[in-house]
file data_20.cif (mmCIF, C-alpha atoms)
data_start
#
loop_
_atom_site.label_atom_id
_atom_site.label_comp_id
_atom_site.auth_asym_id
_atom_site.auth_seq_id
_atom_site.Cartn_x
_atom_site.Cartn_y
_atom_site.Cartn_z
CA MET A 1 74.34 80.07 135.92
CA PRO A 2 72.62 83.04 137.58
CA GLU A 3 70.45 82.50 140.66
CA ASN A 4 67.40 83.69 138.74
CA THR A 5 66.46 81.13 136.10
CA VAL A 6 64.68 83.72 133.98
CA ILE A 7 67.44 84.82 131.63
CA ALA A 8 65.41 86.43 128.84
CA PRO A 9 61.72 87.04 128.34
CA LEU A 10 59.89 84.36 126.38
CA ALA A 11 58.92 85.25 122.83
CA PRO A 12 55.13 85.60 122.50
CA MET A 13 53.18 82.67 121.13
CA GLU A 14 50.91 83.01 118.11
CA PRO A 15 47.27 83.77 119.12
CA ASP A 16 45.98 80.63 117.36
CA ASP A 17 48.56 78.54 119.25
CA VAL A 18 47.50 80.06 122.59
CA ALA A 19 43.84 79.30 121.85
CA ALA A 20 44.54 75.74 120.69
CA ALA A 21 46.88 74.90 123.58
CA PHE A 22 44.40 76.13 126.17
CA ALA A 23 41.51 74.39 124.41
CA TYR A 24 43.45 71.15 124.86
CA ILE A 25 44.42 71.92 128.49
CA GLN A 26 40.88 72.87 129.45
CA ALA A 27 39.44 69.79 127.73
CA TRP A 28 41.98 67.64 129.54
CA HIS A 29 41.11 69.34 132.86
CA THR A 30 37.43 68.52 132.45
CA ARG A 31 38.30 65.03 131.11
CA ASP A 32 36.54 65.83 127.84
CA ILE A 33 38.58 63.25 125.93
CA ASP A 34 36.64 63.76 122.67
CA THR A 35 37.47 67.47 122.53
CA ALA A 36 41.07 66.92 123.65
CA SER A 37 41.49 64.27 120.95
CA ALA A 38 39.94 66.50 118.29
CA VAL A 39 42.28 69.37 119.20
CA ALA A 40 45.27 67.01 119.22
CA ASP A 41 44.30 65.57 115.84
CA ASP A 42 43.88 69.07 114.39
CA ILE A 43 47.29 70.25 115.57
CA GLY A 44 49.38 67.10 115.36
CA PRO A 45 51.24 65.45 118.22
CA GLU A 46 54.65 67.09 117.79
CA LYS A 47 53.33 70.64 117.41
CA LEU A 48 50.91 70.15 120.31
CA CYS A 49 53.76 69.02 122.58
CA ARG A 50 55.84 72.07 121.60
CA MET A 51 52.89 74.40 122.22
CA LEU A 52 52.12 72.83 125.61
CA LEU A 53 55.76 73.07 126.67
CA ASP A 54 55.67 76.75 125.67
CA VAL A 55 52.57 77.27 127.84
CA ALA A 56 54.15 75.30 130.69
CA ALA A 57 57.24 77.51 130.59
CA ARG A 58 55.04 80.62 130.76
CA VAL A 59 53.15 79.20 133.74
CA PHE A 60 56.02 77.63 135.72
CA VAL A 61 59.04 79.88 135.14
CA PRO A 62 57.65 83.21 136.38
CA ILE A 63 56.12 81.55 139.43
CA THR A 64 59.16 79.53 140.47
CA ALA A 65 62.01 81.87 139.47
CA GLU A 66 63.87 82.72 142.65
CA ASP A 67 64.84 86.25 143.52
CA ASP A 68 67.97 86.79 145.56
CA HIS A 69 66.94 87.23 149.20
CA ASP A 70 70.36 86.55 150.76
CA GLY A 71 69.41 82.94 151.44
CA GLU A 72 66.41 83.89 153.59
CA PRO A 73 63.11 82.03 153.12
CA CYS A 74 60.67 83.95 150.96
CA ALA A 75 57.46 83.36 149.02
CA HIS A 76 59.51 81.83 146.20
CA SER A 77 60.92 79.23 148.60
CA LEU A 78 57.37 78.10 149.37
CA LEU A 79 56.50 77.97 145.69
CA ALA A 80 59.62 75.97 144.90
CA ALA A 81 58.66 73.52 147.66
CA ALA A 82 55.13 73.22 146.21
CA LEU A 83 56.60 72.60 142.78
CA GLY A 84 58.85 69.90 144.21
CA ARG A 85 55.84 68.19 145.81
CA LEU A 86 53.96 68.42 142.50
CA LEU A 87 56.82 66.87 140.53
CA LEU A 88 57.11 64.10 143.13
CA GLU A 89 53.36 63.44 142.85
CA LEU A 90 53.61 63.30 139.06
CA THR A 91 56.52 60.89 139.26
CA CYS A 92 54.66 58.67 141.72
CA HIS A 93 51.71 58.50 139.32
CA SER A 94 53.98 57.68 136.37
CA VAL A 95 52.94 60.76 134.40
CA CYS A 96 54.92 60.99 131.17
CA LEU A 97 56.09 64.58 130.82
CA ALA A 98 57.02 63.95 127.18
CA SER A 99 53.42 63.53 126.00
CA SER A 100 50.67 66.06 125.36
CA ARG A 101 48.49 64.46 128.03
CA GLY A 102 51.33 64.49 130.56
CA ILE A 103 52.18 68.12 129.89
CA ALA A 104 48.52 69.20 130.06
CA ASP A 105 48.05 67.21 133.25
CA THR A 106 51.14 68.86 134.75
CA ILE A 107 49.84 72.34 133.89
CA VAL A 108 46.45 71.50 135.43
CA ARG A 109 48.03 70.05 138.58
CA PHE A 110 50.42 72.99 138.90
CA THR A 111 47.47 75.37 138.59
CA GLU A 112 45.56 73.35 141.16
CA THR A 113 48.48 72.99 143.59
CA VAL A 114 50.26 76.33 143.29
CA LEU A 115 48.05 78.91 141.60
CA THR A 116 44.76 78.31 143.42
CA GLU A 117 43.99 78.29 147.11
CA ASP A 118 42.75 74.98 148.49
CA HIS A 119 42.37 73.60 144.97
CA GLY A 120 40.02 76.47 144.06
CA ASP A 121 38.56 77.18 140.65
CA VAL A 122 41.20 75.72 138.34
CA ALA A 123 39.07 76.38 135.26
CA ASP A 124 38.90 80.09 136.12
CA VAL A 125 42.68 80.32 136.60
CA LEU A 126 43.23 78.50 133.29
CA ARG A 127 40.95 81.06 131.58
CA GLN A 128 42.98 83.88 133.16
CA LEU A 129 46.24 82.31 131.98
CA GLU A 130 44.82 81.91 128.48
CA ALA A 131 43.67 85.55 128.45
CA ALA A 132 47.14 86.72 129.53
CA GLY A 133 48.79 84.59 126.84
CA MET A 134 46.37 85.86 124.22
CA ARG A 135 46.98 89.50 125.23
CA GLN A 136 50.73 88.99 124.91
CA ALA A 137 50.33 87.25 121.55
CA MET A 138 48.06 89.97 120.16
CA GLU A 139 50.35 92.77 121.36
CA ALA A 140 53.27 91.11 119.58
CA LEU A 141 51.53 90.95 116.22
CA PRO A 142 52.52 93.56 113.64
CA PRO A 143 49.84 96.29 113.40
CA HIS A 144 48.68 95.19 109.95
CA ARG A 145 48.36 91.47 110.78
CA THR A 146 45.21 89.94 112.25
CA THR A 147 44.39 86.34 112.98
CA MET A 148 41.48 84.27 114.18
#
call {"tool": "encode", "arguments": {"input": "data_20.cif", "output": "structure tokens"}}
result
Amino acid sequence: MPENTVIAPLAPMEPDDVAAAFAYIQAWHTRDIDTASAVADDIGPEKLCRMLLDVAARVFVPITAEDDHDGEPCAHSLLAAALGRLLLELTCHSVCLASSRGIADTIVRFTETVLTEDHGDVADVLRQLEAAGMRQAMEALPPHRTTM
């Protein structure tokens, strides 16, 4: 297996899926259980899990993919260490990574731990991630197709 875990670019998500996944993640982040439950009920548990795993891959993989630096410490080494600490924390708190809540919680904690400084504005970073996912999804749509 190559050193860099990013083998091929991820296929874009559908715009509606981006919006729904981030609606769930943001509701989970703010502990708005009613909204999170409504989104989950709308989508269905299996599809929601698939969508959240797709978002997680888009958040985690580009950040933690290691470049080859001849074994020297680099920024990616620090990110990999932060990811390791996050996964250990999740394990210690018995977070189930096979559930929608567990995946959303992992995305929120990763954003908090790795993507913000001193646990900065997680909600703002989640909005930025959603906007990036939506841009990619819209750019991938055929010119004649519109959604939302």
call {"tool": "residues_around", "arguments": {"input": "data_20.cif", "residues": "Gln128 of chain A", "least_positions_apart": "6", "cutoff": "12 Å", "atoms": "all atoms listed in the file", "output": "JSON, numbers by chain"}}
result
{"A": [22, 26, 59, 111, 115, 116, 121, 122, 134, 135]}
call {"tool": "atom_distance", "arguments": {"input": "data_20.cif", "atom1": "atom CA of Pro15 of chain A", "atom2": "atom CA of Glu139 of chain A"}}
result
9.8 Å
call {"tool": "atom_distance", "arguments": {"input": "data_20.cif", "atom1": "atom CA of Arg109 of chain A", "atom2": "atom CA of Asp42 of chain A"}}
result
24.6 Å
call {"tool": "resolve_selection", "arguments": {"input": "data_20.cif", "expression": "the PyMOL selection byres ((chain A and resi 25) around 8)", "output": "short mmCIF file (atom, residue, chain, number, x, y, z; two decimals) with C-alpha atoms, in the frame of the given file"}}
result
data_model
loop_
_atom_site.label_atom_id
_atom_site.label_comp_id
_atom_site.auth_asym_id
_atom_site.auth_seq_id
_atom_site.Cartn_x
_atom_site.Cartn_y
_atom_site.Cartn_z
CA ALA A 21 46.88 74.90 123.58
CA PHE A 22 44.40 76.13 126.17
CA ALA A 23 41.51 74.39 124.41
CA TYR A 24 43.45 71.15 124.86
CA GLN A 26 40.88 72.87 129.45
CA ALA A 27 39.44 69.79 127.73
CA TRP A 28 41.98 67.64 129.54
CA HIS A 29 41.11 69.34 132.86
CA ALA A 36 41.07 66.92 123.65
CA ALA A 104 48.52 69.20 130.06
CA ASP A 105 48.05 67.21 133.25
CA ILE A 107 49.84 72.34 133.89
CA VAL A 108 46.45 71.50 135.43
#
call {"tool": "atom_distance", "arguments": {"input": "data_20.cif", "atom1": "atom CA of Pro45 of chain A", "atom2": "atom CA of Glu130 of chain A"}}
result
20.4 Å
call {"tool": "residues_around", "arguments": {"input": "data_20.cif", "residues": "Asp16 of chain A", "least_positions_apart": "2", "cutoff": "9 Å", "atoms": "all atoms listed in the file", "output": "tab-separated table (two decimals) with C-alpha atoms, in the coordinates of the input"}}
result
chain	number	residue	atom	x	y	z
A	13	MET	CA	53.18	82.67	121.13
A	14	GLU	CA	50.91	83.01	118.11
A	18	VAL	CA	47.50	80.06	122.59
A	19	ALA	CA	43.84	79.30	121.85
A	20	ALA	CA	44.54	75.74	120.69
A	21	ALA	CA	46.88	74.90	123.58
A	134	MET	CA	46.37	85.86	124.22
A	137	ALA	CA	50.33	87.25	121.55
A	147	THR	CA	44.39	86.34	112.98
A	148	MET	CA	41.48	84.27	114.18
call {"tool": "residues_around", "arguments": {"input": "data_20.cif", "residues": "Gln136 of chain A", "least_positions_apart": "4", "cutoff": "9 Å", "atoms": "all atoms listed in the file", "output": "ChimeraX atom specification"}}
result
/A:12-13,15,131-132,140-141
call {"tool": "closest_residue", "arguments": {"input": "data_20.cif", "among": "A:Arg101, A:Val125, A:Asp17, A:Gly133", "to": "Met51 of chain A", "atoms": "all atoms listed in the file"}}
result
A:Asp17
call {"tool": "closest_residue", "arguments": {"input": "data_20.cif", "among": "A:Ala57, A:Leu126, A:Glu46, A:Ala82", "to": "Ala98 of chain A", "atoms": "only C-alpha atoms"}}
result
A:Glu46
call {"tool": "residues_around", "arguments": {"input": "data_20.cif", "residues": "Thr106 of chain A", "least_positions_apart": "3", "cutoff": "8 Å", "atoms": "all atoms listed in the file", "output": "count of residues only"}}
result
6
call {"tool": "closest_residue", "arguments": {"input": "data_20.cif", "among": "A:Ala123, A:Ala40, A:Ala11, A:Met138", "to": "Leu52 of chain A", "atoms": "only C-alpha atoms"}}
result
A:Ala40
call {"tool": "closest_residue", "arguments": {"input": "data_20.cif", "among": "A:Val114, A:Ser100, A:Arg127, A:Pro142", "to": "Leu53 of chain A", "atoms": "all atoms listed in the file"}}
result
A:Ser100
call {"tool": "axis_aligned_box", "arguments": {"input": "data_20.cif", "around": "segment 13-27 of chain A", "padding_each_side": "5 Å", "output": "lines of an AutoDock Vina configuration file"}}
result
center_x = 46.3
center_y = 76.8
center_z = 123.4
size_x = 23.7
size_y = 24.0
size_z = 22.1
call {"tool": "build_atoms", "arguments": {"input": "data_20.cif", "residues": "segment 116-134 of chain A", "atoms": "N, CA, C and O atoms", "output": "PDB file, in the coordinates of the input"}}
result
ATOM      1  N   THR A 116      46.079  78.126 142.805  1.00  0.00           N
ATOM      2  CA  THR A 116      44.760  78.310 143.420  1.00  0.00           C
ATOM      3  C   THR A 116      44.869  77.987 144.904  1.00  0.00           C
ATOM      4  O   THR A 116      45.737  77.232 145.317  1.00  0.00           O
ATOM      5  N   GLU A 117      44.008  78.576 145.683  1.00  0.00           N
ATOM      6  CA  GLU A 117      43.990  78.290 147.110  1.00  0.00           C
ATOM      7  C   GLU A 117      43.062  77.128 147.377  1.00  0.00           C
ATOM      8  O   GLU A 117      41.929  77.114 146.901  1.00  0.00           O
ATOM      9  N   ASP A 118      43.546  76.159 148.134  1.00  0.00           N
ATOM     10  CA  ASP A 118      42.750  74.980 148.490  1.00  0.00           C
ATOM     11  C   ASP A 118      42.087  74.351 147.272  1.00  0.00           C
ATOM     12  O   ASP A 118      40.909  74.017 147.291  1.00  0.00           O
ATOM     13  N   HIS A 119      42.855  74.212 146.205  1.00  0.00           N
ATOM     14  CA  HIS A 119      42.370  73.600 144.970  1.00  0.00           C
ATOM     15  C   HIS A 119      41.104  74.314 144.481  1.00  0.00           C
ATOM     16  O   HIS A 119      40.123  73.679 144.114  1.00  0.00           O
ATOM     17  N   GLY A 120      41.162  75.636 144.471  1.00  0.00           N
ATOM     18  CA  GLY A 120      40.020  76.470 144.060  1.00  0.00           C
ATOM     19  C   GLY A 120      39.626  76.251 142.611  1.00  0.00           C
ATOM     20  O   GLY A 120      39.822  75.176 142.053  1.00  0.00           O
ATOM     21  N   ASP A 121      39.113  77.275 142.000  1.00  0.00           N
ATOM     22  CA  ASP A 121      38.560  77.180 140.650  1.00  0.00           C
ATOM     23  C   ASP A 121      39.668  77.131 139.611  1.00  0.00           C
ATOM     24  O   ASP A 121      40.101  78.151 139.086  1.00  0.00           O
ATOM     25  N   VAL A 122      40.122  75.927 139.308  1.00  0.00           N
ATOM     26  CA  VAL A 122      41.200  75.720 138.340  1.00  0.00           C
ATOM     27  C   VAL A 122      40.777  76.228 136.962  1.00  0.00           C
ATOM     28  O   VAL A 122      41.562  76.872 136.260  1.00  0.00           O
ATOM     29  N   ALA A 123      39.545  75.952 136.573  1.00  0.00           N
ATOM     30  CA  ALA A 123      39.070  76.380 135.260  1.00  0.00           C
ATOM     31  C   ALA A 123      39.155  77.900 135.116  1.00  0.00           C
ATOM     32  O   ALA A 123      39.557  78.413 134.060  1.00  0.00           O
ATOM     33  N   ASP A 124      38.823  78.631 136.162  1.00  0.00           N
ATOM     34  CA  ASP A 124      38.900  80.090 136.120  1.00  0.00           C
ATOM     35  C   ASP A 124      40.350  80.561 135.969  1.00  0.00           C
ATOM     36  O   ASP A 124      40.637  81.454 135.175  1.00  0.00           O
ATOM     37  N   VAL A 125      41.269  79.940 136.701  1.00  0.00           N
ATOM     38  CA  VAL A 125      42.680  80.320 136.600  1.00  0.00           C
ATOM     39  C   VAL A 125      43.208  79.980 135.209  1.00  0.00           C
ATOM     40  O   VAL A 125      43.958  80.771 134.613  1.00  0.00           O
ATOM     41  N   LEU A 126      42.809  78.843 134.643  1.00  0.00           N
ATOM     42  CA  LEU A 126      43.230  78.500 133.290  1.00  0.00           C
ATOM     43  C   LEU A 126      42.720  79.528 132.279  1.00  0.00           C
ATOM     44  O   LEU A 126      43.439  79.921 131.359  1.00  0.00           O
ATOM     45  N   ARG A 127      41.483  80.009 132.469  1.00  0.00           N
ATOM     46  CA  ARG A 127      40.950  81.060 131.580  1.00  0.00           C
ATOM     47  C   ARG A 127      41.755  82.342 131.715  1.00  0.00           C
ATOM     48  O   ARG A 127      42.029  83.023 130.723  1.00  0.00           O
ATOM     49  N   GLN A 128      42.160  82.680 132.944  1.00  0.00           N
ATOM     50  CA  GLN A 128      42.980  83.880 133.160  1.00  0.00           C
ATOM     51  C   GLN A 128      44.352  83.734 132.502  1.00  0.00           C
ATOM     52  O   GLN A 128      44.854  84.683 131.898  1.00  0.00           O
ATOM     53  N   LEU A 129      44.952  82.551 132.620  1.00  0.00           N
ATOM     54  CA  LEU A 129      46.240  82.310 131.980  1.00  0.00           C
ATOM     55  C   LEU A 129      46.128  82.394 130.462  1.00  0.00           C
ATOM     56  O   LEU A 129      46.990  82.961 129.788  1.00  0.00           O
ATOM     57  N   GLU A 130      45.043  81.836 129.926  1.00  0.00           N
ATOM     58  CA  GLU A 130      44.820  81.910 128.480  1.00  0.00           C
ATOM     59  C   GLU A 130      44.656  83.366 128.049  1.00  0.00           C
ATOM     60  O   GLU A 130      45.239  83.793 127.041  1.00  0.00           O
ATOM     61  N   ALA A 131      43.879  84.134 128.792  1.00  0.00           N
ATOM     62  CA  ALA A 131      43.670  85.550 128.450  1.00  0.00           C
ATOM     63  C   ALA A 131      44.992  86.316 128.475  1.00  0.00           C
ATOM     64  O   ALA A 131      45.257  87.131 127.581  1.00  0.00           O
ATOM     65  N   ALA A 132      45.839  86.042 129.453  1.00  0.00           N
ATOM     66  CA  ALA A 132      47.140  86.720 129.530  1.00  0.00           C
ATOM     67  C   ALA A 132      48.016  86.327 128.343  1.00  0.00           C
ATOM     68  O   ALA A 132      48.671  87.180 127.734  1.00  0.00           O
ATOM     69  N   GLY A 133      48.016  85.045 127.996  1.00  0.00           N
ATOM     70  CA  GLY A 133      48.790  84.590 126.840  1.00  0.00           C
ATOM     71  C   GLY A 133      48.276  85.189 125.547  1.00  0.00           C
ATOM     72  O   GLY A 133      49.050  85.576 124.664  1.00  0.00           O
ATOM     73  N   MET A 134      46.969  85.285 125.420  1.00  0.00           N
ATOM     74  CA  MET A 134      46.370  85.860 124.220  1.00  0.00           C
ATOM     75  C   MET A 134      46.689  87.347 124.108  1.00  0.00           C
ATOM     76  O   MET A 134      47.015  87.843 123.023  1.00  0.00           O
TER      77      MET A 134
END
